[in-house]
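Student: Provided below: upload.cif, containing mmCIF, C-alpha atoms.
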data_start
#
loop_
_atom_site.label_atom_id
_atom_site.label_comp_id
_atom_site.auth_asym_id
_atom_site.auth_seq_id
_atom_site.Cartn_x
_atom_site.Cartn_y
_atom_site.Cartn_z
CA MET A 21 10.59 29.94 -30.46
CA THR A 22 8.55 31.50 -27.75
CA ASP A 23 9.20 34.93 -26.26
CA THR A 24 8.25 34.39 -22.67
CA VAL A 25 7.89 31.48 -20.41
CA ARG A 26 6.12 31.72 -17.12
CA GLU A 27 7.54 30.06 -14.02
CA ASP A 28 4.36 27.95 -13.78
CA GLU A 29 5.09 26.55 -17.20
CA LEU A 30 8.52 25.39 -16.17
CA HIS A 31 6.91 23.45 -13.34
CA ALA A 32 4.25 22.12 -15.67
CA TYR A 33 7.04 21.01 -17.98
CA VAL A 34 8.64 19.03 -15.14
CA ASP A 35 5.30 17.54 -14.14
CA GLY A 36 4.31 16.57 -17.66
CA ALA A 37 1.31 18.89 -17.57
CA LEU A 38 1.86 20.74 -20.84
CA SER A 39 0.37 20.20 -24.26
CA ASP A 40 2.77 18.66 -26.77
CA ALA A 41 3.05 21.90 -28.68
CA ARG A 42 3.88 23.96 -25.63
CA ARG A 43 6.29 21.33 -24.38
CA LEU A 44 8.33 21.64 -27.55
CA GLU A 45 8.40 25.41 -27.21
CA ILE A 46 9.58 25.13 -23.63
CA GLU A 47 12.29 22.71 -24.69
CA ALA A 48 13.51 25.24 -27.21
CA TRP A 49 13.46 27.93 -24.52
CA LEU A 50 15.45 25.76 -22.13
CA ALA A 51 18.04 25.05 -24.78
CA ALA A 52 18.67 28.77 -24.96
CA HIS A 53 18.42 29.51 -21.24
CA PRO A 54 20.85 27.37 -19.26
CA ALA A 55 19.92 28.81 -15.87
CA ASP A 56 16.30 27.82 -16.33
CA ALA A 57 17.40 24.49 -17.73
CA ALA A 58 19.45 23.84 -14.60
CA ARG A 59 16.51 24.64 -12.36
CA VAL A 60 14.19 22.41 -14.35
CA GLN A 61 16.75 19.65 -14.23
CA ALA A 62 17.04 19.99 -10.46
CA TRP A 63 13.27 19.90 -9.97
CA ALA A 64 12.90 16.83 -12.14
CA SER A 65 15.63 15.19 -10.17
CA GLN A 66 13.76 16.02 -6.97
CA ASN A 67 10.74 14.15 -8.28
CA GLN A 68 12.91 11.16 -9.05
CA SER A 69 14.55 11.30 -5.65
CA LEU A 70 11.17 11.43 -3.92
CA HIS A 71 10.15 8.28 -5.72
CA ALA A 72 13.46 6.62 -4.97
CA ALA A 73 13.08 7.47 -1.29
CA PHE A 74 9.44 6.55 -0.76
CA ASP A 75 8.19 4.15 -3.41
CA ALA A 76 9.36 1.24 -1.28
CA VAL A 77 6.49 2.05 1.07
CA LEU A 78 4.09 0.93 -1.67
CA ASN A 79 5.43 -2.59 -1.45
CA GLU A 80 5.58 -2.89 2.30
CA PRO A 81 3.21 -5.36 3.85
CA LEU A 82 0.12 -3.48 4.91
CA PRO A 83 -0.34 -3.51 8.67
CA ILE A 84 -3.31 -5.75 9.19
CA GLY A 85 -4.85 -3.23 11.58
CA LEU A 86 -5.09 -0.69 8.78
CA VAL A 87 -6.42 -3.26 6.38
CA ARG A 88 -9.11 -4.18 8.82
CA SER A 89 -10.04 -0.57 9.43
CA ALA A 90 -10.33 -0.04 5.71
CA ARG A 91 -12.60 -3.03 5.43
CA ARG A 92 -14.71 -2.25 8.46
CA GLN A 93 -18.34 -2.39 7.55
CA PRO A 94 -20.49 0.48 8.72
CA VAL A 95 -23.39 -1.96 8.57
CA ARG A 96 -22.78 -5.40 10.01
CA MET A 97 -24.92 -7.21 7.50
CA PRO A 98 -22.16 -8.50 5.18
CA PHE A 99 -20.45 -10.18 8.09
CA PHE A 100 -23.50 -12.25 8.91
CA ARG A 101 -23.97 -13.00 5.29
CA ALA A 102 -20.41 -14.28 5.18
CA VAL A 103 -21.07 -16.50 8.18
CA ALA A 104 -24.14 -17.87 6.49
CA ALA A 105 -22.17 -18.41 3.33
CA THR A 106 -19.54 -20.37 5.19
CA LEU A 107 -22.10 -22.58 6.80
CA ALA A 108 -23.82 -23.14 3.50
CA LEU A 109 -20.75 -23.68 1.36
CA VAL A 110 -18.77 -26.06 3.47
CA ALA A 111 -16.51 -27.78 1.01
CA SER A 112 -18.63 -30.11 -0.94
CA GLY A 113 -17.39 -33.64 -0.56
CA LEU A 114 -13.72 -32.81 -0.79
CA VAL A 115 -13.22 -33.75 2.77
CA GLY A 116 -15.66 -35.48 5.02
CA TYR A 117 -17.19 -32.84 7.12
CA GLY A 118 -19.52 -32.80 10.07
CA VAL A 119 -21.85 -29.86 10.17
CA GLY A 120 -22.44 -30.53 13.82
CA GLN A 121 -18.80 -29.82 14.37
CA VAL A 122 -18.86 -26.42 12.75
CA GLU A 123 -21.63 -25.19 14.95
CA GLN A 124 -19.43 -25.65 17.97
CA GLN A 125 -16.60 -23.78 16.36
CA PRO A 126 -15.92 -20.18 17.16
CA THR A 127 -16.83 -19.19 13.64
CA ALA A 128 -15.60 -15.63 13.81
CA ALA A 129 -11.89 -16.38 14.13
CA PRO A 130 -11.55 -18.59 11.06
CA LEU A 131 -13.63 -16.12 9.13
CA HIS A 132 -11.34 -13.30 10.11
CA PHE A 133 -8.58 -15.50 8.89
CA ALA A 134 -10.26 -16.15 5.56
CA ARG A 135 -11.01 -12.48 5.15
CA ASP A 136 -7.44 -11.45 5.93
CA ALA A 137 -6.23 -13.99 3.39
CA ALA A 138 -8.61 -12.63 0.76
CA ILE A 139 -7.49 -9.09 1.49
CA ALA A 140 -3.84 -10.03 1.24
CA HIS A 141 -4.58 -11.74 -2.05
CA VAL A 142 -6.34 -8.70 -3.45
CA VAL A 143 -3.64 -6.36 -2.26
CA PHE A 144 -0.62 -8.23 -3.57
CA SER A 145 -1.65 -10.38 -6.48
CA PRO A 146 -2.15 -7.45 -8.90
CA GLU A 147 1.38 -6.17 -8.21
CA VAL A 148 3.29 -6.14 -11.43
CA ARG A 149 6.68 -5.00 -10.29
CA HIS A 150 6.98 -6.57 -6.86
CA PRO A 151 4.34 -9.20 -6.40
CA VAL A 152 6.68 -11.07 -4.09
CA GLU A 153 9.52 -10.17 -1.78
CA VAL A 154 11.53 -13.26 -2.55
CA ASP A 155 11.21 -14.85 -5.94
CA ALA A 156 10.96 -18.53 -6.68
CA ALA A 157 14.50 -18.66 -8.05
CA HIS A 158 15.48 -18.56 -4.41
CA ALA A 159 12.82 -21.02 -3.38
CA ASP A 160 14.92 -22.80 -0.78
CA HIS A 161 15.86 -19.56 0.83
CA LEU A 162 12.28 -18.37 0.63
CA VAL A 163 10.87 -21.42 2.33
CA SER A 164 13.45 -21.46 5.08
CA TRP A 165 13.15 -17.74 5.63
CA LEU A 166 9.37 -17.83 5.90
CA SER A 167 9.55 -20.99 8.02
CA LYS A 168 11.84 -19.29 10.46
CA ARG A 169 9.67 -16.23 10.74
CA VAL A 170 6.41 -18.08 11.02
CA GLY A 171 7.88 -20.60 13.40
CA THR A 172 7.30 -23.90 11.70
CA GLN A 173 8.77 -25.86 8.87
CA LEU A 174 6.66 -24.75 5.93
CA GLU A 175 6.48 -26.38 2.56
CA ALA A 176 5.31 -24.55 -0.51
CA PRO A 177 2.90 -26.93 -2.22
CA ASP A 178 3.70 -27.96 -5.75
CA PHE A 179 0.96 -27.01 -8.19
CA SER A 180 2.92 -27.61 -11.38
CA ALA A 181 0.68 -30.53 -12.32
CA LEU A 182 -2.16 -28.02 -12.41
CA GLY A 183 -0.19 -25.47 -14.40
CA PHE A 184 0.70 -23.11 -11.56
CA GLU A 185 4.31 -22.34 -10.76
CA LEU A 186 5.62 -20.80 -7.58
CA LEU A 187 6.28 -17.13 -8.19
CA GLY A 188 7.65 -16.43 -4.75
CA GLY A 189 6.51 -15.28 -1.39
CA ARG A 190 6.38 -12.52 1.11
CA LEU A 191 6.07 -11.99 4.79
CA LEU A 192 3.09 -10.06 6.08
CA SER A 193 2.39 -8.72 9.50
CA GLY A 194 -0.70 -10.26 10.98
CA GLU A 195 -2.25 -9.44 14.31
CA SER A 196 -1.14 -12.66 15.90
CA GLY A 197 2.31 -12.56 14.36
CA PRO A 198 3.95 -13.11 11.04
CA VAL A 199 2.10 -14.53 8.08
CA ALA A 200 3.65 -16.15 5.04
CA GLN A 201 2.12 -15.64 1.63
CA PHE A 202 3.14 -17.86 -1.27
CA MET A 203 2.13 -16.72 -4.71
CA TYR A 204 1.63 -18.91 -7.76
CA GLN A 205 1.04 -18.00 -11.36
CA ASP A 206 -0.01 -19.97 -14.40
CA ALA A 207 0.88 -19.55 -18.07
CA ILE A 208 -1.78 -16.89 -18.61
CA GLU A 209 -0.69 -15.02 -15.49
CA ARG A 210 -3.57 -15.94 -13.27
CA ARG A 211 -2.43 -15.80 -9.68
CA VAL A 212 -3.42 -17.61 -6.56
CA THR A 213 -1.97 -17.11 -3.11
CA LEU A 214 -1.53 -19.38 -0.15
CA TYR A 215 -1.62 -17.65 3.19
CA VAL A 216 -0.13 -19.44 6.19
CA ARG A 217 -0.09 -18.31 9.77
CA ARG A 218 -0.01 -19.67 13.24
CA ALA A 219 -3.57 -20.21 14.35
CA ALA A 220 -4.87 -18.60 17.51
CA ALA A 221 -4.44 -20.79 20.55
CA GLY A 222 -7.37 -22.97 21.32
CA ASN A 223 -8.44 -23.43 17.75
CA ARG A 224 -9.73 -26.88 17.18
CA GLU A 225 -8.91 -28.61 14.01
CA THR A 226 -11.27 -27.54 11.32
CA ALA A 227 -11.73 -29.28 8.05
CA PHE A 228 -11.93 -27.69 4.67
CA HIS A 229 -13.97 -24.51 4.38
CA HIS A 230 -14.83 -22.32 1.51
CA VAL A 231 -15.99 -18.75 1.52
CA THR A 232 -16.24 -16.00 -1.06
CA GLU A 233 -14.92 -12.66 0.09
CA ASN A 234 -15.69 -9.84 -2.32
CA GLY A 235 -15.34 -12.10 -5.31
CA VAL A 236 -12.25 -13.90 -4.04
CA ASP A 237 -12.63 -17.64 -3.55
CA VAL A 238 -10.97 -18.67 -0.32
CA PHE A 239 -10.46 -22.27 0.68
CA TYR A 240 -9.16 -22.49 4.19
CA TRP A 241 -8.39 -25.02 6.80
CA ILE A 242 -6.71 -25.08 10.13
CA ASP A 243 -4.40 -27.94 10.84
CA ARG A 244 -3.24 -28.13 14.40
CA ASP A 245 -1.42 -24.90 15.09
CA PHE A 246 -1.49 -23.48 11.62
CA GLY A 247 -4.08 -21.90 9.43
CA TYR A 248 -3.89 -22.13 5.66
CA ALA A 249 -5.95 -20.23 3.15
CA LEU A 250 -5.77 -20.52 -0.60
CA SER A 251 -7.22 -17.48 -2.38
CA GLY A 252 -7.86 -16.79 -6.01
CA GLU A 253 -10.19 -15.19 -8.48
CA ILE A 254 -10.10 -17.94 -11.06
CA ALA A 255 -12.69 -20.53 -12.04
CA HIS A 256 -14.14 -22.10 -8.94
CA ARG A 257 -13.46 -25.57 -10.28
CA ASP A 258 -9.77 -24.79 -10.73
CA MET A 259 -9.57 -23.34 -7.26
CA GLN A 260 -11.01 -26.50 -5.86
CA LYS A 261 -8.41 -28.62 -7.61
CA LEU A 262 -5.61 -26.43 -6.28
CA ALA A 263 -7.01 -26.43 -2.79
CA ASP A 264 -7.39 -30.17 -2.89
CA ALA A 265 -3.78 -30.54 -4.01
CA ALA A 266 -2.52 -28.18 -1.31
CA TYR A 267 -4.48 -29.95 1.35
CA ALA A 268 -3.28 -33.33 0.21
CA GLN A 269 0.35 -32.24 0.13
CA MET A 270 0.48 -30.21 3.29
CA VAL A 271 -1.83 -32.02 5.63
CA ALA A 272 -1.97 -35.60 4.53
CA PRO A 273 1.72 -36.50 5.07
CA ALA A 274 1.90 -34.91 8.49
CA GLY A 275 -1.45 -36.24 9.51
CA ALA A 276 -1.00 -39.75 8.22
CA THR A 277 -2.13 -41.17 11.51
CA ARG A 278 -5.18 -39.00 11.50
CA SER A 279 -7.15 -39.17 8.33
CA PRO A 280 -9.21 -36.08 7.62
CA ARG A 281 -12.00 -38.33 6.50
CA ARG A 282 -13.56 -39.54 9.63
CA MET B 28 -27.46 0.05 1.03
CA ARG B 29 -25.39 1.54 -1.71
CA ALA B 30 -22.18 -0.02 -2.90
CA ARG B 31 -19.30 0.80 -0.65
CA PRO B 32 -16.04 1.89 -2.22
CA ASP B 33 -12.97 -0.16 -1.43
CA LEU B 34 -10.46 1.79 0.60
CA ILE B 35 -7.82 -0.94 0.57
CA GLU B 36 -6.47 -0.09 -2.83
CA HIS B 37 -5.71 3.42 -1.61
CA LEU B 38 -3.78 2.30 1.46
CA PRO B 39 -0.34 1.95 -0.12
CA ARG B 40 -0.38 5.47 -1.48
CA LEU B 41 -1.88 6.99 1.64
CA ARG B 42 0.90 5.31 3.58
CA ARG B 43 3.57 6.54 1.20
CA TYR B 44 2.34 10.11 1.41
CA ALA B 45 1.96 9.98 5.19
CA ARG B 46 5.44 8.52 5.54
CA ALA B 47 6.99 11.29 3.49
CA LEU B 48 4.89 13.94 5.20
CA THR B 49 5.65 12.94 8.78
CA GLY B 50 9.02 11.28 8.29
CA ASP B 51 8.05 8.66 10.86
CA VAL B 52 6.63 5.17 10.37
CA THR B 53 4.40 5.14 13.44
CA ARG B 54 3.13 8.67 13.09
CA ALA B 55 2.43 8.00 9.44
CA ASP B 56 0.38 4.89 10.05
CA ASP B 57 -1.49 6.63 12.86
CA LEU B 58 -2.34 9.35 10.39
CA VAL B 59 -3.57 6.77 7.89
CA GLN B 60 -5.61 5.11 10.62
CA ASP B 61 -7.23 8.42 11.58
CA THR B 62 -7.93 9.09 7.93
CA LEU B 63 -9.64 5.74 7.49
CA GLU B 64 -11.77 6.28 10.54
CA ARG B 65 -12.87 9.65 9.37
CA ALA B 66 -13.49 8.33 5.88
CA LEU B 67 -15.73 5.56 7.16
CA ALA B 68 -17.61 7.99 9.39
CA LYS B 69 -18.15 10.40 6.50
CA LEU B 70 -18.54 7.98 3.65
CA ASP B 71 -22.09 9.15 3.07
CA LEU B 72 -20.70 12.55 2.17
CA TRP B 73 -18.48 11.18 -0.55
CA GLN B 74 -20.03 11.53 -4.00
CA PRO B 75 -19.93 8.21 -5.83
CA GLY B 76 -18.14 8.68 -9.09
CA SER B 77 -16.00 11.51 -7.81
CA ASN B 78 -12.32 11.09 -7.10
CA LEU B 79 -12.10 8.90 -4.01
CA ARG B 80 -8.34 9.16 -3.84
CA ALA B 81 -8.42 12.96 -3.79
CA TRP B 82 -11.14 12.84 -1.17
CA LEU B 83 -9.06 10.58 1.08
CA PHE B 84 -6.03 12.81 0.71
CA THR B 85 -8.23 15.79 1.57
CA LEU B 86 -9.30 14.10 4.79
CA MET B 87 -5.69 13.27 5.57
CA HIS B 88 -4.62 16.85 4.94
CA ASN B 89 -7.31 18.18 7.28
CA ILE B 90 -6.33 15.78 10.03
CA PHE B 91 -2.65 16.54 9.57
CA VAL B 92 -3.22 20.28 9.77
CA ASN B 93 -5.44 19.97 12.83
CA GLN B 94 -2.84 17.86 14.57
CA LEU B 95 -0.17 20.42 13.80
CA ARG B 96 -2.31 23.17 15.25
CA ALA B 97 -3.03 21.15 18.35
CA ASN B 98 0.50 19.96 18.97
CA ARG B 99 2.71 22.72 17.80
CA PRO B 100 1.46 26.27 18.02
CA GLN B 101 4.18 28.21 16.24
CA GLU B 102 7.65 27.32 15.23
CA THR B 103 8.78 25.62 12.02
CA ALA B 104 9.86 27.80 9.19
CA LEU B 105 12.33 30.19 10.69
CA ASP B 106 14.02 27.79 13.07
CA GLU B 107 14.32 25.22 10.41
CA ALA B 108 15.75 27.70 8.00
CA LEU B 109 18.57 28.33 10.41
CA GLU B 110 19.57 24.73 10.63
CA ILE B 111 22.59 23.51 8.81
CA PRO B 112 21.63 22.36 5.35
CA VAL B 113 22.01 18.82 4.18
CA SER B 114 25.60 17.96 3.53
CA GLY B 115 26.88 16.69 0.25
CA GLY B 116 26.09 18.37 -2.99
CA GLN B 117 25.79 16.31 -6.09
CA MET B 118 22.21 15.64 -7.10
CA GLU B 119 23.22 12.27 -8.45
CA ALA B 120 24.37 11.06 -5.07
CA LEU B 121 21.19 11.90 -3.23
CA THR B 122 20.20 9.29 -0.76
CA ALA B 123 16.81 8.61 0.70
CA ARG B 124 18.19 10.01 3.92
CA ASP B 125 19.01 13.32 2.27
CA MET B 126 15.46 13.53 0.98
CA HIS B 127 14.02 12.82 4.42
CA THR B 128 16.18 15.49 5.96
CA ALA B 129 15.44 18.04 3.30
CA LEU B 130 11.71 17.40 3.46
CA ALA B 131 11.74 17.84 7.21
CA ARG B 132 13.18 21.29 6.67
CA LEU B 133 10.43 22.47 4.42
CA PRO B 134 7.50 24.24 6.04
CA GLU B 135 4.55 21.83 6.12
CA GLU B 136 2.52 23.69 3.53
CA GLN B 137 5.39 23.49 1.06
CA ARG B 138 6.13 19.89 1.95
CA GLU B 139 2.54 18.93 1.25
CA VAL B 140 2.58 20.54 -2.17
CA ILE B 141 5.88 19.12 -3.33
CA LEU B 142 4.76 15.65 -2.22
CA LEU B 143 1.27 15.80 -3.70
CA VAL B 144 2.63 16.95 -7.04
CA GLY B 145 6.08 15.38 -7.23
CA LEU B 146 5.48 12.09 -5.46
CA GLU B 147 1.74 11.43 -5.61
CA GLN B 148 1.41 12.96 -9.05
CA PHE B 149 -1.76 14.87 -8.43
CA GLY B 150 -2.55 17.50 -11.03
CA TYR B 151 -2.31 21.10 -9.82
CA ALA B 152 -6.09 21.49 -9.69
CA GLU B 153 -6.44 18.26 -7.74
CA ALA B 154 -3.73 19.31 -5.31
CA ALA B 155 -5.55 22.62 -4.85
CA GLU B 156 -8.73 20.72 -4.08
CA VAL B 157 -6.98 18.47 -1.58
CA LEU B 158 -5.43 21.44 0.21
CA GLY B 159 -8.47 23.67 -0.06
CA VAL B 160 -6.52 26.54 -1.64
CA PRO B 161 -6.58 28.20 -5.07
CA VAL B 162 -4.42 26.74 -7.83
CA GLY B 163 -2.32 29.92 -7.80
CA THR B 164 -1.40 29.18 -4.19
CA VAL B 165 -0.41 25.66 -5.12
CA MET B 166 1.87 27.01 -7.83
CA SER B 167 3.57 29.55 -5.60
CA ARG B 168 4.07 27.01 -2.82
CA LEU B 169 5.38 24.49 -5.32
CA SER B 170 7.81 27.01 -6.69
CA ARG B 171 9.09 27.96 -3.26
CA ALA B 172 9.28 24.34 -2.17
CA ARG B 173 11.29 23.26 -5.18
CA GLU B 174 13.68 26.17 -5.00
CA ARG B 175 14.19 25.70 -1.30
CA MET B 176 14.71 22.00 -1.79
CA ARG B 177 17.22 22.74 -4.51
CA HIS B 178 19.24 24.92 -2.19
CA LEU B 179 18.98 22.43 0.66
CA LEU B 180 20.13 19.57 -1.49
CA ALA B 181 22.92 21.59 -3.01
CA GLY B 182 24.17 22.37 0.47
CA GLU B 183 24.09 26.09 -0.08
CA PRO B 184 24.32 28.39 2.92
CA ALA B 185 21.25 28.34 5.10
CA VAL B 186 21.11 32.10 5.12
CA LEU B 187 19.75 32.07 1.61
CA LEU B 188 16.81 30.08 2.81
CA LYS B 189 15.50 32.88 4.93
CA VAL B 190 14.41 34.61 1.77
CA VAL B 191 11.55 32.17 1.73
CA LYS B 192 8.66 33.25 3.90
#
So that I can check it, write out the structure of this file as structure tokens.

Tutor:
Amino acid sequence: MTDTVREDELHAYVDGALSDARRLEIEAWLAAHPADAARVQAWASQNQSLHAAFDAVLNEPLPIGLVRSARRQPVRMPFFRAVAATLALVASGLVGYGVGQVEQQPTAAPLHFARDAAIAHVVFSPEVRHPVEVDAAHADHLVSWLSKRVGTQLEAPDFSALGFELLGGRLLSGESGPVAQFMYQDAIERRVTLYVRRAAAGNRETAFHHVTENGVDVFYWIDRDFGYALSGEIAHRDMQKLADAAYAQMVAPAGATRSPRR
Amino acid sequence: MRARPDLIEHLPRLRRYARALTGDVTRADDLVQDTLERALAKLDLWQPGSNLRAWLFTLMHNIFVNQLRANRPQETALDEALEIPVSGGQMEALTARDMHTALARLPEEQREVILLVGLEQFGYAEAAEVLGVPVGTVMSRLSRARERMRHLLAGEPAVLLKVVK
């Protein structure tokens, strides 16, 4: 047993900053010195209380303004590269697509949308403890809750045929209002997210687009008043299948009178 | 152009720290916003391979301290020490609200240390780097912060608190 213990070492004990050998000595000291043990206990409990009080912030939706600031490019180059990429990678044959049409589009807004979706994917899909706010066990509640907040009747597409199950969803705060994010996971825990928000007024219908944002594949389309973006970092071929399924399920029924292939 | 570090992954923790530091959602996010802007302006000064998280917290600390100087010349410690301590008593029953209240009653320099170490889990040397003070100063502030917090949370008479500082 040790003769003296410095105050610093009691703190280091609480903060897990001691060597194993010294930690054992301090434990022996504390067993014999109840006043110190009480202080150490109180300090450790403070650490726990701090986490209990503030860890929830970690799982709050990130304000999109902050996310955008964090992603702001000091050099504008990558933005133009992304525009070029969009023009070049317009979904190959999945949906009939007129290039002439895209040139008339305000390209920046959909790209912002795709980028926000990619960011939201990157931010939330690695979450282990709270990847979603509402889990899929409460799928009905989830869908009606998100529908209410986003302002339209949403449907979470069914990807089970492709091996992806709905994990749940969360509500994010976008610049133009609430955004719903549905998250799916397959048997080997790969995750994809579907991001849905009300599109900015004046957006014309756009067909299927694809862009890669920092390694995240994003397939996005705007259907009437809503924008959808499916993001993932899985094999491109698998992403395409999922995107195709989502598009077919979410757009085709509603747009039966208006085939996307025209 | 050299590879640009991703600041996004640091946002949740910067927000958590700012929230605990300021006790206010809007002020906290404004502080994070200012930190991001400064980080982007000074990104060339950041050494690739060094601890980006510590660097961001350092920027946030500097902004926070400058804002305090600008907005609030001299009050804090003594006045706060005279306030009525948090009610209650049992450590087990601590609520988030008690923590908010107790934190608000710590002088800023102690609040920063107890949060960097206890919540953000920076090592003592890292916390010293973030705050720009020697490790010994971190330890003495940590000690005072934890003892003061202990008294606040135990609801002991405020008079005792004046011993600090």

Student: Between atom CA of A:Pro146 and atom CA of A:Asn79, what is the distance, to one decimal in Å?

Tutor: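 Answer for the atom CA of A:Pro146 to atom CA of A:Asn79 separation: 11.7 Å.
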
Student: Apply the PyMOL selection byres ((chain B) within 7 of (chain A)) to the file shown and report the selected residues as a compact mmCIF listing (two decimals) with C-alpha atoms, keeping the file's coordinate frame.

Tutor:
# COMPACT_ATOMS: atom_id res chain seq x y z
CA LEU B 34 -10.46 1.79 0.60
CA ILE B 35 -7.82 -0.94 0.57
CA GLU B 36 -6.47 -0.09 -2.83
CA PRO B 39 -0.34 1.95 -0.12
CA ARG B 40 -0.38 5.47 -1.48
CA ARG B 42 0.90 5.31 3.58
CA ARG B 43 3.57 6.54 1.20
CA ALA B 47 6.99 11.29 3.49
CA GLN B 60 -5.61 5.11 10.62
CA LEU B 63 -9.64 5.74 7.49
CA ALA B 123 16.81 8.61 0.70
CA MET B 126 15.46 13.53 0.98
CA GLY B 145 6.08 15.38 -7.23
CA LEU B 146 5.48 12.09 -5.46
CA MET B 166 1.87 27.01 -7.83
CA ARG B 173 11.29 23.26 -5.18
CA ARG B 177 17.22 22.74 -4.51

Student: Could you state which residues are captured by the PyMOL selection byres ((chain A and resi 158-162) around 12) in this file, as a PyMOL selection string?

Tutor: chain A and resi 152-157+163-170+173-178+185-191+200-203

Student: Can you list, as a list in words, the residues that the PyMOL selection byres ((chain B and resi 57) around 12) selects here?

Tutor: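 Going through the file, the PyMOL selection byres ((chain B and resi 57) around 12) ends up selecting Pro83, Gly85, Leu86 and Ser89 of chain A; Leu41, Arg42, Ala45, Arg46, Thr49, Asp51, Val52, Thr53, Arg54, Ala55, Asp56, Leu58, Val59, Gln60, Asp61, Thr62, Leu63, Glu64, Met87, Ile90, Phe91 and Gln94 of chain B.
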
Student: Taking all atoms listed in the file into account, name the residue in A:Leu38, A:Leu262, A:Ile84, A:Ala207 that is nearest to A:Ser193.

Tutor: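 Checking each candidate against A:Ser193, we get A:Ile84 as the closest.
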
Student: How many Å lie between atom CA of A:Phe179 and atom CA of A:Thr232, rounded to one decimal?

Tutor: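 Rounded to one decimal, the two atoms are 21.6 Å apart.
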
Student: Which neighbours of A:Phe184 fall inside 8 Å, counting all atoms listed in the file, when residues of the same chain fewer than 3 positions from it are skipped, and could you give them as an MDAnalysis selection string?

Tutor: chainID A and resid 179:181 204:207

Student: Quote the spacing between atom CA of A:Arg135 and atom CA of A:Asp237 in Å to one decimal place.

Tutor: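 Interatomic distance here is 10.2 Å.
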
Student: Just the residues within 10 Å of B:Met176, please, counting only C-alpha atoms, with nothing from its chain fewer than 3 positions along; format it as a CSV table (one decimal) with C-alpha atoms, in the frame of the given file.

Tutor:
chain,number,residue,atom,x,y,z
A,62,ALA,CA,17.0,20.0,-10.5
A,63,TRP,CA,13.3,19.9,-10.0
A,66,GLN,CA,13.8,16.0,-7.0
B,112,PRO,CA,21.6,22.4,5.4
B,113,VAL,CA,22.0,18.8,4.2
B,126,MET,CA,15.5,13.5,1.0
B,129,ALA,CA,15.4,18.0,3.3
B,130,LEU,CA,11.7,17.4,3.5
B,132,ARG,CA,13.2,21.3,6.7
B,133,LEU,CA,10.4,22.5,4.4
B,137,GLN,CA,5.4,23.5,1.1
B,138,ARG,CA,6.1,19.9,2.0
B,141,ILE,CA,5.9,19.1,-3.3
B,170,SER,CA,7.8,27.0,-6.7
B,171,ARG,CA,9.1,28.0,-3.3
B,172,ALA,CA,9.3,24.3,-2.2
B,173,ARG,CA,11.3,23.3,-5.2
B,179,LEU,CA,19.0,22.4,0.7
B,180,LEU,CA,20.1,19.6,-1.5
B,181,ALA,CA,22.9,21.6,-3.0
B,182,GLY,CA,24.2,22.4,0.5
B,188,LEU,CA,16.8,30.1,2.8

Student: Tell me which of B:Tyr151, B:Val140, B:Val162, B:Arg168 sits closest to B:His88, counting all atoms listed in the file.

Tutor: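 Looking at the shortest contact to B:His88, the residue is B:Val140.
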
Student: For stretch 61-76 of chain B, I'd like the enclosing box, axis-aligned and padded by 5 Å on every side, reported as AutoDock Vina command-line options with centre and edge lengths in Å to one decimal.

Tutor:
--center_x -14.7 --center_y 9.1 --center_z 1.2 --size_x 24.9 --size_y 17.0 --size_z 30.7
